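Worksheet: one structure, shown below.
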Amino acid sequence: MIWIAVLVAICGFALVPETIVDEVTGESEQVWPLKLGLDLQGGMHLAVEIFDPENTLSGQDLDDAVERTLTTIRNRIDEFGVREPTIQRSGNRIIIELAGVDDPEQAKRIATETAFMEFKIVTDGQEFMDALERIDRAIVNEVGIENLQVTTLETEPEVDLSDILGGADSAAAEDPADEAETEDPAADSLATEEGDAETVDAAEAVDEVTARPLSALLGQGRILGEYLVPQEDQPTAAAWLELEGVRDALPRGVTLHWGVEQVGAGAGSYVPLYVLEAEPLITGDMLQDAGPANRDPTFNQPIVPFETTRRGSRVFERGTARNIGENMAIVLDDRVQSYAVIRSVLSRRAQIELTPGASFQEAQELALVLRAGALPMPIEVVEERNVSASLGEDSIRQGRTAFIIGIVGVIIVMMIYYRAAGILAVGALLTYVIFMLGGLAGLDATLTLPGIAGLILSIGMAVDANVLIFERVREELAAGKTPRTAVDAGFGNALSAIVDANLTTLITGIILFQFGTGAVRGFAVTLCIGILASFFSAIYVTRTLFIMYLNRRGSRESVSI
């Protein structure tokens, strides 16, 4: 019984709603931990393919192009800010499911645009630092000093210095000698002046932080021209940098780009902000090929070779000759993917040596990013479906109604036909529902409309196991056995049939999940979790409840079944 209670508590905890706070607006939202699929929440379903009317790609080239396109789309959708997107490959197609999008056309445009890559020089950041005071003033003018003050004060501990001084005076008054000292007017005047000075200093410190909002968030990065912004403050800083007044305050000839990686420093996590030259060295259309990643034979460092076009080699050679010793950033879709030091003049064939400590996996990912910009391939939408939020709400309402009707119908039939034993089965069925929903939430599974069908189907299977057990118990009681012996024999004799039925269905669900897509996989996930939950509730929970029921009765009293 203890283990059952522990499992129920764990599954119940997995169903507790999570509070998510918007970093920019400060508004909080209660999020149900059970994710809803596209057909329930509403949104967009896209299936895209590489547009190759002349069939120039085949075999390994086509497979590589699909992988590059998949990487690019994932990066863009992550930037778009859709919560829990589904982006997966199905053969040579890429399936994109975006639940809850407000602007389907914008999402479609972002997903289908050709990748744009640039190689840019990382500046020393001095011009940006010189303009930082002007940028701070622009933020204050655009946002309003009162709004910035509210934000600052909410994060600072509120300390009333007059209360502290008053408390000290009260404590001192208890001692006669101290009381005599505090009656000195000069001492009182000195204490008051010190208190006023401290209050003014605290106010000036708050005003300083408020008047320089962006400067207060920036920390020096690993290289010149890189600044670290706390992860929790990055959305706010990004919103500030998009303001028109802030854009006008930026120095000419430089652009700001966020990095895709997160940098850990101490106990915090930071997002890098790079100050880059506005004019790129080369763009993605000048790259011809990249990779595969390998290791330097001398120092065993991961390296990524790449090759430019003939025109790109001349441009690249002139650009790198002017910037030897500088850092060069690789920018894909306005986000810095990586950077490397230019150690010599680079021409048509070059290689990027990753920083010490970088893994070979990082080198492979960088090669994939370079190829995504090296050979921009257009993609076409071959399937598009938009599910409105109202249709999703109708599906949820109908599915909930079907679920409630199924549960209530099963409860009524079991209680009428099996009496007290039916009530025990109902108790086990309630734990099954908790196990089922908690399992879906804990495994981060997505509940779809076919998944609701699998949920209702597994309810019937849970009751089916109880029916087999109760009928065997009736047979044993009819043979003249005592209630406790009949219950033990009933559970033992019905176990093999229950295991066979659940195992075959579980294998079918695994096959559906492995080879199915979309709605079929949603049905398979719910069915498999439901089978495991129903098996546990029918065998262990019902048996435990039966034993507790028999312990409260005499050994010879009849069983209501």
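Just so we're on the same page: first chain in the structure tokens is A, next is B, and so on; residues restart at 1 for each chain, and ligands are numbered from 1 in the order they show up.
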
Near-segment 502-504 of chain A list (12 Å; only C-alpha atoms; drop same-chain fewer than 6 positions) as a PyMOL selection string: chain A and resi 458+460-462+464-465+495-496+510-511+527-536+538-539

Go ahead and dump the residues you just picked, N, CA, C and O atoms, as a CSV table (one decimal), in the first residue's frame.
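The new file again-v9.csv reads:
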```csv
chain,number,residue,atom,x,y,z
A,458,SER,N,-7.9,2.1,-23.4
A,458,SER,CA,-7.1,1.4,-22.3
A,458,SER,C,-8.0,1.3,-21.0
A,458,SER,O,-7.7,0.5,-20.2
A,460,GLY,N,-11.1,0.5,-21.0
A,460,GLY,CA,-11.8,-0.8,-21.2
A,460,GLY,C,-10.9,-2.0,-20.9
A,460,GLY,O,-11.4,-3.0,-20.4
A,461,MET,N,-9.6,-1.9,-21.3
A,461,MET,CA,-8.7,-3.0,-21.0
A,461,MET,C,-8.4,-3.1,-19.5
A,461,MET,O,-8.3,-4.3,-19.1
A,462,ALA,N,-8.4,-2.0,-18.8
A,462,ALA,CA,-8.2,-2.1,-17.4
A,462,ALA,C,-9.4,-2.8,-16.7
A,462,ALA,O,-9.2,-3.6,-15.8
A,464,ASP,N,-11.3,-5.0,-18.2
A,464,ASP,CA,-11.3,-6.3,-18.7
A,464,ASP,C,-10.5,-7.2,-17.8
A,464,ASP,O,-10.9,-8.4,-17.5
A,465,ALA,N,-9.4,-6.7,-17.3
A,465,ALA,CA,-8.5,-7.5,-16.4
A,465,ALA,C,-9.3,-7.8,-15.1
A,465,ALA,O,-9.2,-8.9,-14.6
A,495,LEU,N,-3.8,-14.4,-14.0
A,495,LEU,CA,-2.7,-13.6,-14.3
A,495,LEU,C,-2.1,-13.9,-15.7
A,495,LEU,O,-1.8,-13.0,-16.5
A,496,SER,N,-2.0,-15.2,-16.1
A,496,SER,CA,-1.4,-15.5,-17.4
A,496,SER,C,-2.3,-15.0,-18.5
A,496,SER,O,-1.7,-14.5,-19.5
A,510,ILE,N,3.9,-0.6,-29.6
A,510,ILE,CA,5.3,-0.2,-29.9
A,510,ILE,C,5.6,-0.2,-31.4
A,510,ILE,O,6.3,0.7,-31.9
A,511,ILE,N,5.0,-1.1,-32.1
A,511,ILE,CA,5.2,-1.2,-33.6
A,511,ILE,C,4.6,0.1,-34.2
A,511,ILE,O,5.2,0.7,-35.1
A,527,LEU,N,-1.7,4.6,-25.8
A,527,LEU,CA,-2.1,3.2,-25.6
A,527,LEU,C,-1.1,2.5,-24.8
A,527,LEU,O,-1.5,1.7,-23.9
A,528,CYS,N,0.2,2.7,-25.1
A,528,CYS,CA,1.2,1.9,-24.4
A,528,CYS,C,1.3,2.3,-22.9
A,528,CYS,O,1.4,1.5,-22.0
A,529,ILE,N,1.2,3.6,-22.6
A,529,ILE,CA,1.2,4.1,-21.2
A,529,ILE,C,0.0,3.6,-20.5
A,529,ILE,O,0.0,3.2,-19.3
A,530,GLY,N,-1.2,3.6,-21.2
A,530,GLY,CA,-2.4,3.1,-20.6
A,530,GLY,C,-2.4,1.6,-20.3
A,530,GLY,O,-2.9,1.2,-19.3
A,531,ILE,N,-1.8,0.9,-21.1
A,531,ILE,CA,-1.7,-0.6,-20.9
A,531,ILE,C,-0.9,-0.9,-19.6
A,531,ILE,O,-1.2,-1.7,-18.8
A,532,LEU,N,0.3,-0.2,-19.5
A,532,LEU,CA,1.1,-0.4,-18.3
A,532,LEU,C,0.4,0.1,-17.1
A,532,LEU,O,0.5,-0.6,-16.0
A,533,ALA,N,-0.3,1.2,-17.1
A,533,ALA,CA,-1.0,1.7,-16.0
A,533,ALA,C,-2.2,0.8,-15.6
A,533,ALA,O,-2.4,0.5,-14.4
A,534,SER,N,-2.9,0.3,-16.6
A,534,SER,CA,-4.1,-0.6,-16.3
A,534,SER,C,-3.6,-1.9,-15.8
A,534,SER,O,-4.3,-2.5,-14.9
A,535,PHE,N,-2.5,-2.5,-16.3
A,535,PHE,CA,-2.0,-3.7,-15.7
A,535,PHE,C,-1.6,-3.6,-14.3
A,535,PHE,O,-2.0,-4.4,-13.4
A,536,PHE,N,-0.9,-2.5,-13.9
A,536,PHE,CA,-0.5,-2.3,-12.5
A,536,PHE,C,-1.7,-2.1,-11.6
A,536,PHE,O,-1.8,-2.7,-10.5
A,538,ALA,N,-4.9,-3.1,-12.1
A,538,ALA,CA,-5.7,-4.3,-12.0
A,538,ALA,C,-5.1,-5.4,-11.2
A,538,ALA,O,-5.8,-6.0,-10.4
A,539,ILE,N,-3.8,-5.6,-11.3
A,539,ILE,CA,-3.2,-6.7,-10.6
A,539,ILE,C,-2.8,-6.3,-9.2
A,539,ILE,O,-3.1,-7.0,-8.2
```

To one decimal in Å, tell me the separation between atom CA of Ile423 of chain A and atom CA of Thr485 of chain A.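 One can read the atom CA of Ile423 of chain A to atom CA of Thr485 of chain A distance as 20.4 Å.
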
Shell around Glu471 of chain A at 12 Å using only C-alpha atoms, local window under 2 positions removed, as an MDAnalysis selection string: chainID A and resid 417:418 421:422 464:469 473:478 486:487 489:491 493:494 561

Distance criterion (only C-alpha atoms): nearest to Thr542 of chain A out of A:Pro104, A:Gly225, A:Gly427, A:Gly245: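 Under the stated criterion, the closest residue is A:Gly427.
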
Could you check the closest approach to Asp248 of chain A for each of A:Asp394, A:Arg134, A:Leu70, A:Gln262 and tell me which residue wins, using only C-alpha atoms?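 Of A:Asp394, A:Arg134, A:Leu70, A:Gln262, the one nearest Asp248 of chain A, counting only C-alpha atoms, is A:Arg134.
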
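In this comparison, which uses only C-alpha atoms, the residue of A:Thr320, A:Gln234, A:Ser58, A:Ser215 approaching Phe119 of chain A most closely is A:Thr320.
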
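Atom CA of Phe523 of chain A is positioned 16.7 Å from atom CA of Glu97 of chain A.
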
Each residue of segment 414-470 of chain A with at least one atom at most 9 Å from segment 38-49 of chain A should appear once, together with its nearest atom pair and the corresponding distance in Å (one decimal); atoms considered: only C-alpha atoms; ordering: chain, then increasing residue number; output as a tab-separated table.
```
residue	atom	partner	partner_atom	distance
A:Leu447	CA	A:Leu40	CA	8.1
A:Thr448	CA	A:Leu40	CA	6.3
A:Leu449	CA	A:Asp39	CA	6.4
```

Based on the selection just made, write N, CA and C atoms of those residues as a PDB file, in the first residue's frame.
```pdb
ATOM      1  N   LEU A 447      -0.552  14.913 -25.787  1.00  0.00           N
ATOM      2  CA  LEU A 447      -1.880  14.312 -25.881  1.00  0.00           C
ATOM      3  C   LEU A 447      -2.574  14.838 -27.129  1.00  0.00           C
ATOM      4  N   THR A 448      -2.950  13.934 -28.021  1.00  0.00           N
ATOM      5  CA  THR A 448      -3.637  14.283 -29.257  1.00  0.00           C
ATOM      6  C   THR A 448      -5.047  13.707 -29.229  1.00  0.00           C
ATOM      7  N   LEU A 449      -5.830  14.039 -30.257  1.00  0.00           N
ATOM      8  CA  LEU A 449      -7.185  13.514 -30.341  1.00  0.00           C
ATOM      9  C   LEU A 449      -7.188  11.992 -30.472  1.00  0.00           C
TER      10      LEU A 449
END
```

Return as an MDAnalysis selection string the full set of residues in segment 228-407 of chain A whose backbone-based DSSP assignment is alpha helix (DSSP H). chainID A and resid 234:241 244:249 310:321 360:374 389:407

Serialized selection, C-alpha atoms, as an mmCIF file, in the first residue's frame:
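Once written, selection_15.cif looks like this:
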```cif
data_model
loop_
_atom_site.group_PDB
_atom_site.id
_atom_site.type_symbol
_atom_site.label_atom_id
_atom_site.label_comp_id
_atom_site.auth_asym_id
_atom_site.auth_seq_id
_atom_site.Cartn_x
_atom_site.Cartn_y
_atom_site.Cartn_z
ATOM 1 C CA GLN A 234 18.056 38.646 -22.321
ATOM 2 C CA PRO A 235 14.430 39.044 -23.566
ATOM 3 C CA THR A 236 14.265 42.473 -21.932
ATOM 4 C CA ALA A 237 17.593 43.556 -23.429
ATOM 5 C CA ALA A 238 16.578 42.228 -26.854
ATOM 6 C CA ALA A 239 13.340 44.229 -26.702
ATOM 7 C CA TRP A 240 15.302 47.380 -25.816
ATOM 8 C CA LEU A 241 17.695 46.908 -28.753
ATOM 9 C CA GLU A 244 13.829 52.773 -32.975
ATOM 10 C CA GLY A 245 15.587 55.313 -30.768
ATOM 11 C CA VAL A 246 18.139 52.697 -29.685
ATOM 12 C CA ARG A 247 18.834 51.696 -33.300
ATOM 13 C CA ASP A 248 19.504 55.345 -34.150
ATOM 14 C CA ALA A 249 21.894 55.621 -31.184
ATOM 15 C CA ARG A 310 36.172 31.159 -57.125
ATOM 16 C CA ARG A 311 34.660 34.600 -56.666
ATOM 17 C CA GLY A 312 34.362 33.959 -52.928
ATOM 18 C CA SER A 313 38.053 32.997 -52.687
ATOM 19 C CA ARG A 314 39.176 36.382 -54.025
ATOM 20 C CA VAL A 315 36.850 38.283 -51.683
ATOM 21 C CA PHE A 316 37.812 36.081 -48.726
ATOM 22 C CA GLU A 317 41.525 36.492 -49.406
ATOM 23 C CA ARG A 318 41.322 40.305 -49.430
ATOM 24 C CA GLY A 319 39.158 40.382 -46.315
ATOM 25 C CA THR A 320 41.274 38.028 -44.192
ATOM 26 C CA ALA A 321 44.514 39.775 -45.230
ATOM 27 C CA PHE A 360 33.986 16.709 -31.803
ATOM 28 C CA GLN A 361 30.182 16.861 -31.674
ATOM 29 C CA GLU A 362 30.391 20.663 -31.698
ATOM 30 C CA ALA A 363 32.618 20.471 -34.777
ATOM 31 C CA GLN A 364 30.093 18.261 -36.558
ATOM 32 C CA GLU A 365 27.287 20.681 -35.699
ATOM 33 C CA LEU A 366 29.336 23.627 -36.994
ATOM 34 C CA ALA A 367 30.011 21.759 -40.258
ATOM 35 C CA LEU A 368 26.275 21.190 -40.615
ATOM 36 C CA VAL A 369 25.613 24.896 -40.004
ATOM 37 C CA LEU A 370 28.207 25.874 -42.634
ATOM 38 C CA ARG A 371 26.689 23.515 -45.176
ATOM 39 C CA ALA A 372 23.261 24.961 -44.420
ATOM 40 C CA GLY A 373 24.572 28.315 -45.629
ATOM 41 C CA ALA A 374 27.000 26.958 -48.203
ATOM 42 C CA ALA A 389 -8.184 27.251 -31.682
ATOM 43 C CA SER A 390 -11.999 26.953 -31.604
ATOM 44 C CA LEU A 391 -11.835 23.600 -33.404
ATOM 45 C CA GLY A 392 -9.239 22.447 -30.884
ATOM 46 C CA GLU A 393 -11.493 23.509 -28.013
ATOM 47 C CA ASP A 394 -14.383 21.566 -29.578
ATOM 48 C CA SER A 395 -12.164 18.491 -29.820
ATOM 49 C CA ILE A 396 -11.128 18.832 -26.178
ATOM 50 C CA ARG A 397 -14.735 19.268 -25.056
ATOM 51 C CA GLN A 398 -15.946 16.259 -27.068
ATOM 52 C CA GLY A 399 -13.017 14.126 -25.937
ATOM 53 C CA ARG A 400 -13.628 15.086 -22.303
ATOM 54 C CA THR A 401 -17.311 14.214 -22.681
ATOM 55 C CA ALA A 402 -16.472 10.821 -24.195
ATOM 56 C CA PHE A 403 -13.946 10.159 -21.417
ATOM 57 C CA ILE A 404 -16.447 11.031 -18.660
ATOM 58 C CA ILE A 405 -19.224 8.949 -20.247
ATOM 59 C CA GLY A 406 -16.862 5.993 -20.585
ATOM 60 C CA ILE A 407 -15.691 6.237 -16.977
#
```

Just the strand (DSSP E or B) stuff from segment 311-438 of chain A, please, per backbone DSSP, written as a PyMOL selection string. chain A and resi 327-332+335-341+349-353+379-387

Length of the atom CA of Gly409 of chain A to atom CA of Thr544 of chain A vector [Å]: 24.0 Å
